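Colleague: Sharing a structure below in structure tokens format, with a few things to ask.
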Amino acid sequence: MLVDSHAHLDDARYAEDREAMIQRAYDAGIRQILTIGNGTGPDDMGCGIPVAEAYDWICTSVGVHPHDAAKVEERHFDLMERLAAHPKVVAIGETGLDYHYDNSPRETQRDVFRRQVELASRLDLPVIVHTREADSDTEAILRQVAPSRGVLHCFTSGAPLAKAALELGFMISFSGIVTFPKAQDLVAIARSMPSDRLLIETDCPYLAPVPHRGKRNEPAFVSETARFLAGVRGVSLEQLSEETSQNFARLFSPEQKTA
Ligand SMILES: [Zn+2]
Ligand SMILES: [Zn+2]
């Protein structure tokens, strides 16, 4: 049993074969997928709900990606809170800071990120954090708001942010990036992670792991990242799968959230 803790199943690149792609994930042993509710922007944050309603092993989140922070109006926070009450919505996010693309002004990104972390705390939901080239500001906001639980997804940051996340009780999720040849620093962090804080994800349709690199990614490929991380950590694939599945259940407890 494997889990893909971060996928974008609503993406237009699956328009032609979404059902078959989800079936391939099931056939590959995936038994939980968290599909992220960002969509094409703040008005579309409920995009994961239809697919989560259609499959009992798929759950979703609601949030605004840092790329879209500048599009946020006050009403979107009300929408987020309302949608978060849906029984298949298990987290707030992804939200965070992306200083690599800077698609929204940094101050706006920080404000919209902070508001979502605060909402997650108030609703007692985990927060899914996207952070790129923004380690110190991400750490500062997380330490200020101190949410009770969350994950740094698609981790590509440095060791100090990994350490801070663990201190804050967060989990860290690795994507196919860890399988890329230049990822030695990430591999070192993945090797030293406590086994009860580790998650795996595809972040599909982006970032396909080796040997699928460059192609459209999909949840079935999370097995490649799992196999790679098991090797790095010197455990069996079964053990790595078991640990990450248990961590997912503990963080998102989708089966415990009832309407
Ligand atoms: Zn992200
Ligand atoms: Zn994502």
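Residues are named by chain letter and number: chains run A, B, ... in the order of the structure tokens, numbers start at 1 in each chain, and ligands are numbered from 1 in the order shown.
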Could you give me, as a compact mmCIF listing (two decimals) with N, CA, C and O atoms, in the first residue's frame, the residues within 7 Å of A:Thr179, counting only C-alpha atoms and dropping anything in the same chain fewer than 4 positions from it?
Modeller:
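Okay, selection.txt is ready:
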# COMPACT_ATOMS: atom_id res chain seq x y z
N ALA A 183 20.56 15.89 -6.68
CA ALA A 183 19.83 16.11 -5.43
C ALA A 183 20.56 15.60 -4.19
O ALA A 183 19.91 15.27 -3.20
N PRO A 209 9.37 11.42 -11.43
CA PRO A 209 10.64 10.86 -10.94
C PRO A 209 11.37 10.10 -12.05
O PRO A 209 10.75 9.67 -13.03
N VAL A 210 12.66 9.93 -11.88
CA VAL A 210 13.43 9.00 -12.72
C VAL A 210 12.75 7.63 -12.55
O VAL A 210 12.41 7.27 -11.43
N THR A 225 9.59 6.93 -6.44
CA THR A 225 10.17 7.75 -5.35
C THR A 225 10.26 6.91 -4.07
O THR A 225 11.24 7.00 -3.33
N PHE A 228 13.21 4.55 -4.36
CA PHE A 228 14.46 5.29 -4.24
C PHE A 228 14.73 5.64 -2.76
O PHE A 228 15.83 5.43 -2.25
Colleague: Could you please extract the residues within 8 Å of ligand 2, counting only C-alpha atoms and all ligand atoms, and hand them back as a PDB file with N, CA and C atoms, in the first residue's frame?
Modeller:
ATOM      1  N   HIS A   6       0.331  14.261  -2.353  1.00  0.00           N
ATOM      2  CA  HIS A   6       0.188  15.580  -2.990  1.00  0.00           C
ATOM      3  C   HIS A   6       0.114  15.406  -4.499  1.00  0.00           C
ATOM      4  N   ALA A   7      -1.090  15.591  -5.051  1.00  0.00           N
ATOM      5  CA  ALA A   7      -1.303  15.460  -6.491  1.00  0.00           C
ATOM      6  C   ALA A   7      -2.272  16.542  -6.942  1.00  0.00           C
ATOM      7  N   HIS A   8      -2.198  16.890  -8.216  1.00  0.00           N
ATOM      8  CA  HIS A   8      -3.145  17.870  -8.778  1.00  0.00           C
ATOM      9  C   HIS A   8      -3.979  17.155  -9.838  1.00  0.00           C
ATOM     10  N   ILE A  36      -4.841  18.273  -4.483  1.00  0.00           N
ATOM     11  CA  ILE A  36      -4.733  19.627  -3.932  1.00  0.00           C
ATOM     12  C   ILE A  36      -5.789  20.566  -4.518  1.00  0.00           C
ATOM     13  N   GLU A  94      -2.432  23.877  -1.097  1.00  0.00           N
ATOM     14  CA  GLU A  94      -1.163  24.371  -0.653  1.00  0.00           C
ATOM     15  C   GLU A  94      -1.141  25.891  -0.639  1.00  0.00           C
ATOM     16  N   HIS A 130       3.955  25.153   0.582  1.00  0.00           N
ATOM     17  CA  HIS A 130       4.843  25.217  -0.584  1.00  0.00           C
ATOM     18  C   HIS A 130       5.861  26.326  -0.296  1.00  0.00           C
ATOM     19  N   HIS A 153       5.684  20.488   1.653  1.00  0.00           N
ATOM     20  CA  HIS A 153       5.534  19.566   0.531  1.00  0.00           C
ATOM     21  C   HIS A 153       6.642  19.801  -0.493  1.00  0.00           C
ATOM     22  N   CYS A 154       6.907  18.766  -1.290  1.00  0.00           N
ATOM     23  CA  CYS A 154       7.901  18.827  -2.363  1.00  0.00           C
ATOM     24  C   CYS A 154       9.174  19.497  -1.855  1.00  0.00           C
ATOM     25  N   ASP A 203       3.370  15.365  -6.650  1.00  0.00           N
ATOM     26  CA  ASP A 203       3.119  16.733  -7.131  1.00  0.00           C
ATOM     27  C   ASP A 203       2.782  16.698  -8.620  1.00  0.00           C
ATOM     28  N   CYS A 204       2.170  15.591  -9.058  1.00  0.00           N
ATOM     29  CA  CYS A 204       1.817  15.467 -10.464  1.00  0.00           C
ATOM     30  C   CYS A 204       0.767  16.514 -10.850  1.00  0.00           C
TER      31      CYS A 204
END
Colleague: For ligand 1, return the neighbouring residues as a compact mmCIF listing (two decimals) with all heavy atoms, in the first residue's frame (distance at most 12 Å; only C-alpha atoms and all ligand atoms).
Modeller:
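The new file part_36.txt reads:
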# COMPACT_ATOMS: atom_id res chain seq x y z
N SER A 5 0.73 11.76 -1.30
CA SER A 5 0.21 12.78 -0.39
C SER A 5 0.05 14.15 -1.04
O SER A 5 -0.37 15.10 -0.36
CB SER A 5 1.10 12.88 0.85
OG SER A 5 2.39 13.31 0.48
N HIS A 6 0.33 14.26 -2.35
CA HIS A 6 0.19 15.58 -2.99
C HIS A 6 0.11 15.41 -4.50
O HIS A 6 1.12 15.13 -5.16
CB HIS A 6 1.37 16.47 -2.61
CG HIS A 6 1.23 17.91 -3.00
ND1 HIS A 6 1.13 18.92 -2.08
CD2 HIS A 6 1.17 18.50 -4.22
CE1 HIS A 6 1.03 20.08 -2.70
NE2 HIS A 6 1.04 19.85 -4.00
N ALA A 7 -1.09 15.59 -5.05
CA ALA A 7 -1.30 15.46 -6.49
C ALA A 7 -2.27 16.54 -6.94
O ALA A 7 -3.05 17.06 -6.13
CB ALA A 7 -1.87 14.08 -6.82
N HIS A 8 -2.20 16.89 -8.22
CA HIS A 8 -3.14 17.87 -8.78
C HIS A 8 -3.98 17.15 -9.84
O HIS A 8 -3.74 17.30 -11.04
CB HIS A 8 -2.39 19.06 -9.38
CG HIS A 8 -1.64 19.87 -8.37
ND1 HIS A 8 -2.18 20.98 -7.76
CD2 HIS A 8 -0.41 19.72 -7.83
CE1 HIS A 8 -1.29 21.50 -6.90
NE2 HIS A 8 -0.20 20.74 -6.92
N THR A 35 -5.61 15.09 -3.35
CA THR A 35 -5.57 15.99 -4.51
C THR A 35 -5.75 17.42 -4.03
O THR A 35 -6.63 17.71 -3.21
CB THR A 35 -6.60 15.58 -5.59
OG1 THR A 35 -6.38 16.39 -6.75
CG2 THR A 35 -8.04 15.74 -5.13
N ILE A 36 -4.84 18.27 -4.48
CA ILE A 36 -4.73 19.63 -3.93
C ILE A 36 -5.79 20.57 -4.52
O ILE A 36 -6.01 20.58 -5.72
CB ILE A 36 -3.32 20.19 -4.22
CG1 ILE A 36 -2.26 19.31 -3.55
CG2 ILE A 36 -3.19 21.64 -3.77
CD1 ILE A 36 -2.32 19.24 -2.05
N GLY A 37 -6.41 21.35 -3.65
CA GLY A 37 -7.45 22.29 -4.07
C GLY A 37 -6.91 23.70 -4.28
O GLY A 37 -7.15 24.59 -3.45
N ASN A 38 -6.16 23.88 -5.34
CA ASN A 38 -5.76 25.23 -5.76
C ASN A 38 -6.45 25.61 -7.06
O ASN A 38 -6.90 26.73 -7.23
CB ASN A 38 -4.24 25.32 -6.00
CG ASN A 38 -3.39 25.37 -4.75
OD1 ASN A 38 -2.21 25.04 -4.79
ND2 ASN A 38 -3.95 25.76 -3.62
N GLY A 63 -7.17 25.84 -0.76
CA GLY A 63 -6.19 26.86 -0.44
C GLY A 63 -5.81 27.66 -1.67
O GLY A 63 -6.27 27.37 -2.78
N VAL A 64 -4.97 28.66 -1.43
CA VAL A 64 -4.50 29.52 -2.52
C VAL A 64 -2.98 29.39 -2.63
O VAL A 64 -2.25 29.61 -1.66
CB VAL A 64 -4.87 31.00 -2.28
CG1 VAL A 64 -4.30 31.88 -3.39
CG2 VAL A 64 -6.39 31.16 -2.21
N HIS A 65 -2.53 29.01 -3.82
CA HIS A 65 -1.10 28.87 -4.09
C HIS A 65 -0.43 30.25 -4.05
O HIS A 65 -1.05 31.25 -4.45
CB HIS A 65 -0.93 28.24 -5.48
CG HIS A 65 0.44 27.72 -5.74
ND1 HIS A 65 1.49 28.55 -6.11
CD2 HIS A 65 0.95 26.48 -5.67
CE1 HIS A 65 2.58 27.81 -6.26
NE2 HIS A 65 2.28 26.55 -6.00
N PRO A 66 0.83 30.33 -3.62
CA PRO A 66 1.50 31.64 -3.59
C PRO A 66 1.53 32.34 -4.94
O PRO A 66 1.50 33.58 -4.99
CB PRO A 66 2.92 31.33 -3.09
CG PRO A 66 3.05 29.85 -3.12
CD PRO A 66 1.68 29.28 -3.02
N HIS A 67 1.55 31.57 -6.02
CA HIS A 67 1.51 32.20 -7.36
C HIS A 67 0.26 33.07 -7.52
O HIS A 67 0.28 34.06 -8.27
CB HIS A 67 1.49 31.15 -8.47
CG HIS A 67 2.78 30.37 -8.61
ND1 HIS A 67 3.97 30.78 -8.07
CD2 HIS A 67 3.03 29.21 -9.25
CE1 HIS A 67 4.91 29.89 -8.37
NE2 HIS A 67 4.37 28.93 -9.07
N ASP A 68 -0.84 32.67 -6.86
CA ASP A 68 -2.13 33.34 -7.06
C ASP A 68 -2.47 34.31 -5.93
O ASP A 68 -3.60 34.81 -5.87
CB ASP A 68 -3.25 32.29 -7.15
CG ASP A 68 -3.05 31.35 -8.34
OD1 ASP A 68 -2.68 31.85 -9.42
OD2 ASP A 68 -3.26 30.14 -8.17
N GLY A 93 -4.45 24.33 1.99
CA GLY A 93 -3.25 24.45 1.16
C GLY A 93 -3.47 23.89 -0.24
O GLY A 93 -4.59 23.46 -0.54
N GLU A 94 -2.43 23.88 -1.10
CA GLU A 94 -1.16 24.37 -0.65
C GLU A 94 -1.14 25.89 -0.64
O GLU A 94 -1.74 26.56 -1.48
CB GLU A 94 -0.02 23.84 -1.54
CG GLU A 94 -0.12 24.26 -3.01
CD GLU A 94 0.91 23.55 -3.88
OE1 GLU A 94 2.10 23.90 -3.80
OE2 GLU A 94 0.51 22.63 -4.63
N THR A 95 -0.38 26.39 0.32
CA THR A 95 -0.16 27.82 0.49
C THR A 95 1.31 27.97 0.83
O THR A 95 1.98 26.99 1.13
CB THR A 95 -1.05 28.37 1.62
OG1 THR A 95 -0.69 29.74 1.87
CG2 THR A 95 -0.86 27.60 2.92
N GLY A 96 1.81 29.20 0.76
CA GLY A 96 3.23 29.35 1.10
C GLY A 96 3.85 30.53 0.40
O GLY A 96 3.18 31.53 0.12
N LEU A 97 5.15 30.39 0.14
CA LEU A 97 5.93 31.48 -0.45
C LEU A 97 6.77 30.93 -1.59
O LEU A 97 7.46 29.92 -1.42
CB LEU A 97 6.87 32.09 0.61
CG LEU A 97 6.22 32.62 1.89
CD1 LEU A 97 7.30 33.02 2.91
CD2 LEU A 97 5.29 33.79 1.59
N ASP A 98 6.70 31.60 -2.75
CA ASP A 98 7.53 31.21 -3.87
C ASP A 98 8.28 32.43 -4.38
O ASP A 98 7.74 33.23 -5.13
CB ASP A 98 6.68 30.58 -4.98
CG ASP A 98 7.53 29.84 -6.00
OD1 ASP A 98 8.56 30.43 -6.42
OD2 ASP A 98 7.20 28.70 -6.35
N HIS A 100 11.01 32.19 -6.07
CA HIS A 100 11.71 31.85 -7.31
C HIS A 100 10.98 32.48 -8.49
O HIS A 100 11.58 33.18 -9.30
CB HIS A 100 11.77 30.33 -7.48
CG HIS A 100 12.44 29.89 -8.76
ND1 HIS A 100 13.80 29.93 -8.95
CD2 HIS A 100 11.92 29.44 -9.93
CE1 HIS A 100 14.09 29.51 -10.16
NE2 HIS A 100 12.97 29.21 -10.78
N TYR A 101 9.67 32.26 -8.56
CA TYR A 101 8.88 32.82 -9.67
C TYR A 101 8.36 34.22 -9.37
O TYR A 101 8.13 35.00 -10.29
CB TYR A 101 7.71 31.89 -10.02
CG TYR A 101 8.16 30.64 -10.75
CD1 TYR A 101 8.17 29.41 -10.11
CD2 TYR A 101 8.61 30.72 -12.06
CE1 TYR A 101 8.60 28.26 -10.78
CE2 TYR A 101 9.04 29.59 -12.73
CZ TYR A 101 9.04 28.36 -12.09
OH TYR A 101 9.47 27.24 -12.74
N ILE A 128 -0.71 22.58 4.32
CA ILE A 128 0.23 22.08 3.31
C ILE A 128 1.02 23.28 2.78
O ILE A 128 0.44 24.19 2.19
CB ILE A 128 -0.52 21.40 2.15
CG1 ILE A 128 -1.33 20.21 2.68
CG2 ILE A 128 0.46 20.95 1.05
CD1 ILE A 128 -2.42 19.73 1.72
N VAL A 129 2.34 23.25 3.02
CA VAL A 129 3.16 24.43 2.73
C VAL A 129 4.04 24.21 1.51
O VAL A 129 4.77 23.21 1.43
CB VAL A 129 4.04 24.78 3.96
CG1 VAL A 129 4.98 25.94 3.64
CG2 VAL A 129 3.16 25.11 5.16
N HIS A 130 3.95 25.15 0.58
CA HIS A 130 4.84 25.22 -0.58
C HIS A 130 5.86 26.33 -0.30
O HIS A 130 5.48 27.45 -0.01
CB HIS A 130 4.00 25.56 -1.82
CG HIS A 130 4.79 25.93 -3.04
ND1 HIS A 130 4.87 25.12 -4.16
CD2 HIS A 130 5.53 27.04 -3.34
CE1 HIS A 130 5.62 25.70 -5.08
NE2 HIS A 130 6.04 26.87 -4.61
N THR A 131 7.13 26.01 -0.38
CA THR A 131 8.13 27.06 -0.15
C THR A 131 9.29 26.89 -1.13
O THR A 131 9.82 25.78 -1.30
CB THR A 131 8.63 27.07 1.31
OG1 THR A 131 9.66 28.06 1.44
CG2 THR A 131 9.16 25.71 1.75
N ARG A 132 9.64 27.96 -1.80
CA ARG A 132 10.75 27.90 -2.76
C ARG A 132 11.56 29.18 -2.64
O ARG A 132 11.03 30.29 -2.81
CB ARG A 132 10.19 27.72 -4.17
CG ARG A 132 11.29 27.44 -5.15
CD ARG A 132 10.85 26.64 -6.34
NE ARG A 132 12.01 26.43 -7.21
CZ ARG A 132 11.96 26.30 -8.52
NH1 ARG A 132 10.81 26.32 -9.14
NH2 ARG A 132 13.06 26.13 -9.22
N VAL A 151 2.68 20.04 6.76
CA VAL A 151 3.73 19.39 5.98
C VAL A 151 4.40 20.42 5.08
O VAL A 151 3.73 21.32 4.55
CB VAL A 151 3.15 18.22 5.14
CG1 VAL A 151 2.01 18.67 4.24
CG2 VAL A 151 4.23 17.53 4.30
N LEU A 152 5.70 20.33 4.95
CA LEU A 152 6.41 21.06 3.90
C LEU A 152 6.43 20.12 2.70
O LEU A 152 7.08 19.07 2.75
CB LEU A 152 7.84 21.41 4.32
CG LEU A 152 8.02 22.33 5.54
CD1 LEU A 152 9.49 22.71 5.67
CD2 LEU A 152 7.16 23.58 5.45
N HIS A 153 5.68 20.49 1.65
CA HIS A 153 5.53 19.57 0.53
C HIS A 153 6.64 19.80 -0.49
O HIS A 153 7.23 20.88 -0.56
CB HIS A 153 4.13 19.73 -0.08
CG HIS A 153 4.09 20.44 -1.38
ND1 HIS A 153 4.23 19.77 -2.58
CD2 HIS A 153 3.98 21.75 -1.70
CE1 HIS A 153 4.17 20.66 -3.56
NE2 HIS A 153 4.03 21.87 -3.06
N CYS A 154 6.91 18.77 -1.29
CA CYS A 154 7.90 18.83 -2.36
C CYS A 154 9.17 19.50 -1.86
O CYS A 154 9.65 20.47 -2.42
CB CYS A 154 7.34 19.58 -3.57
SG CYS A 154 8.36 19.45 -5.04
N PHE A 155 9.72 18.94 -0.77
CA PHE A 155 10.80 19.62 -0.07
C PHE A 155 12.04 19.77 -0.96
O PHE A 155 12.57 18.79 -1.49
CB PHE A 155 11.15 18.85 1.20
CG PHE A 155 12.08 19.61 2.10
CD1 PHE A 155 11.58 20.61 2.91
CD2 PHE A 155 13.44 19.34 2.11
CE1 PHE A 155 12.43 21.34 3.73
CE2 PHE A 155 14.29 20.07 2.93
CZ PHE A 155 13.79 21.07 3.74
N THR A 156 12.50 21.03 -1.10
CA THR A 156 13.74 21.31 -1.83
C THR A 156 14.57 22.33 -1.06
O THR A 156 15.52 22.89 -1.60
CB THR A 156 13.47 21.89 -3.24
OG1 THR A 156 12.65 23.05 -3.12
CG2 THR A 156 12.77 20.89 -4.13
N SER A 173 7.69 16.21 3.05
CA SER A 173 7.30 15.33 1.95
C SER A 173 8.28 15.48 0.79
O SER A 173 8.58 16.59 0.36
CB SER A 173 5.88 15.67 1.50
OG SER A 173 5.49 14.82 0.44
N PHE A 174 8.73 14.33 0.28
CA PHE A 174 9.68 14.33 -0.84
C PHE A 174 8.97 13.90 -2.12
O PHE A 174 8.17 12.97 -2.12
CB PHE A 174 10.86 13.39 -0.54
CG PHE A 174 11.73 13.91 0.57
CD1 PHE A 174 11.48 13.57 1.89
CD2 PHE A 174 12.77 14.78 0.30
CE1 PHE A 174 12.26 14.08 2.92
CE2 PHE A 174 13.56 15.29 1.32
CZ PHE A 174 13.31 14.94 2.64
N SER A 175 9.32 14.60 -3.19
CA SER A 175 8.76 14.30 -4.51
C SER A 175 9.84 13.62 -5.35
O SER A 175 10.93 13.33 -4.87
CB SER A 175 8.33 15.60 -5.18
OG SER A 175 9.48 16.34 -5.54
N GLU A 201 5.27 11.99 -2.27
CA GLU A 201 4.26 12.58 -3.13
C GLU A 201 4.77 12.61 -4.57
O GLU A 201 5.97 12.47 -4.81
CB GLU A 201 3.99 14.03 -2.69
CG GLU A 201 5.21 14.94 -2.88
CD GLU A 201 4.92 16.40 -2.57
OE1 GLU A 201 4.77 16.72 -1.36
OE2 GLU A 201 4.84 17.20 -3.52
N THR A 202 3.83 12.85 -5.49
CA THR A 202 4.26 13.07 -6.88
C THR A 202 4.29 14.55 -7.23
O THR A 202 5.09 14.97 -8.06
CB THR A 202 3.31 12.37 -7.88
OG1 THR A 202 1.98 12.82 -7.63
CG2 THR A 202 3.41 10.87 -7.77
N ASP A 203 3.37 15.36 -6.65
CA ASP A 203 3.12 16.73 -7.13
C ASP A 203 2.78 16.70 -8.62
O ASP A 203 3.07 17.63 -9.36
CB ASP A 203 4.30 17.67 -6.86
CG ASP A 203 3.88 19.15 -6.82
OD1 ASP A 203 2.66 19.42 -6.78
OD2 ASP A 203 4.76 20.02 -6.84
N CYS A 204 2.17 15.59 -9.06
CA CYS A 204 1.82 15.47 -10.46
C CYS A 204 0.77 16.51 -10.85
O CYS A 204 0.03 16.96 -9.99
CB CYS A 204 1.29 14.05 -10.75
SG CYS A 204 -0.25 13.66 -9.91
N PRO A 205 0.77 16.96 -12.10
CA PRO A 205 1.45 16.39 -13.28
C PRO A 205 2.90 16.85 -13.45
O PRO A 205 3.52 16.54 -14.46
CB PRO A 205 0.60 16.94 -14.44
CG PRO A 205 0.14 18.28 -13.94
CD PRO A 205 -0.12 18.08 -12.47
N TYR A 206 3.43 17.57 -12.47
CA TYR A 206 4.82 18.06 -12.57
C TYR A 206 5.79 17.01 -12.03
O TYR A 206 5.40 16.11 -11.30
CB TYR A 206 4.98 19.36 -11.76
CG TYR A 206 3.82 20.30 -11.93
CD1 TYR A 206 2.87 20.44 -10.93
CD2 TYR A 206 3.65 21.02 -13.11
CE1 TYR A 206 1.77 21.28 -11.10
CE2 TYR A 206 2.58 21.86 -13.29
CZ TYR A 206 1.63 21.99 -12.28
OH TYR A 206 0.56 22.81 -12.45
N LEU A 207 7.09 17.21 -12.31
CA LEU A 207 8.17 16.56 -11.57
C LEU A 207 8.16 15.04 -11.55
O LEU A 207 8.32 14.42 -10.51
CB LEU A 207 8.14 17.06 -10.11
CG LEU A 207 8.30 18.56 -9.93
CD1 LEU A 207 7.98 18.95 -8.49
CD2 LEU A 207 9.70 19.01 -10.30
Colleague: Between A:Pro219, A:Pro147, A:Gly231, A:Pro42, which has the minimum distance to A:Leu123 (counting only C-alpha atoms)?
Modeller: A:Pro147
Colleague: Fewer than 2 positions away in the same chain doesn't count, so skip those; otherwise give me all residues within 8 Å of stretch 74-79 of chain A, counting only C-alpha atoms, as a PyMOL selection string.
Modeller: chain A and resi 42-43+72+81-83+116
Colleague: To test your reading of the structure, identify every residue in stretch 6-185 of chain A that backbone DSSP assigns to strand (DSSP E), and report it as JSON, numbers by chain.
Modeller: {"A": [6, 7, 30, 31, 32, 33, 34, 35, 58, 59, 60, 61, 62, 89, 90, 91, 92, 93, 94, 95, 96, 97, 98, 127, 128, 129, 130, 131, 132, 150, 151, 152, 171, 172, 173, 174]}
Colleague: Kindly indicate which residue among A:Ala120, A:Ala20, A:Ala220, A:Val232 lies nearest to A:Gln32, using only C-alpha atoms for the distances.
Modeller: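 Of all the options, A:Ala220 lies closest to A:Gln32.
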Colleague: Neighbouring residues of A:Thr60 were defined as those with any atom within 7 Å, considering only C-alpha atoms; residues of the same chain fewer than 2 positions away were excluded. Please report them as a PDB file with C-alpha atoms, in the first residue's frame.
Modeller:
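The file below, out.pdb, is the result:
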ATOM      1  CA  LEU A  34      -4.618  13.808  -1.558  1.00  0.00           C
ATOM      2  CA  THR A  35      -5.565  15.986  -4.514  1.00  0.00           C
ATOM      3  CA  ILE A  36      -4.733  19.627  -3.932  1.00  0.00           C
ATOM      4  CA  GLY A  37      -7.449  22.289  -4.071  1.00  0.00           C
ATOM      5  CA  GLY A  48     -10.648  18.679  -5.845  1.00  0.00           C
ATOM      6  CA  ILE A  49     -14.043  18.075  -4.253  1.00  0.00           C
ATOM      7  CA  ALA A  52     -12.775  13.243  -3.880  1.00  0.00           C
ATOM      8  CA  ILE A  58      -9.179  10.187  -2.506  1.00  0.00           C
ATOM      9  CA  LYS A  88     -13.563  15.167   2.091  1.00  0.00           C
ATOM     10  CA  VAL A  89     -11.505  18.324   2.719  1.00  0.00           C
ATOM     11  CA  VAL A  90      -8.714  17.326   5.109  1.00  0.00           C
TER      12      VAL A  90
END
Colleague: Please identify all polymer residues within 10 Å of A:Ala162, counting only C-alpha atoms, omitting same-chain residues fewer than 5 positions from it, and present them as a ChimeraX atom specification.
Modeller: /A:135,139,152,155-157,167-168,170-172,189-190,193
Colleague: Rounded to one decimal in Å, what is the spacing between atom CA of A:Leu2 and atom CA of A:Ser245?
Modeller: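 About the pair atom CA of A:Leu2 and atom CA of A:Ser245: they are 6.3 Å apart.
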Colleague: One decimal, Å: what's the distance from atom CA of A:Lys71 over to atom CA of A:Gly41, could you say?
Modeller: 7.5 Å
Colleague: Taking the DSSP secondary structure from the backbone, can you list the residues of stretch 48-229 of chain A that are alpha helix (DSSP H), as an MDAnalysis selection string?
Modeller: chainID A and resid 49:54 74:84 106:123 135:145 159:167 184:192 222:229
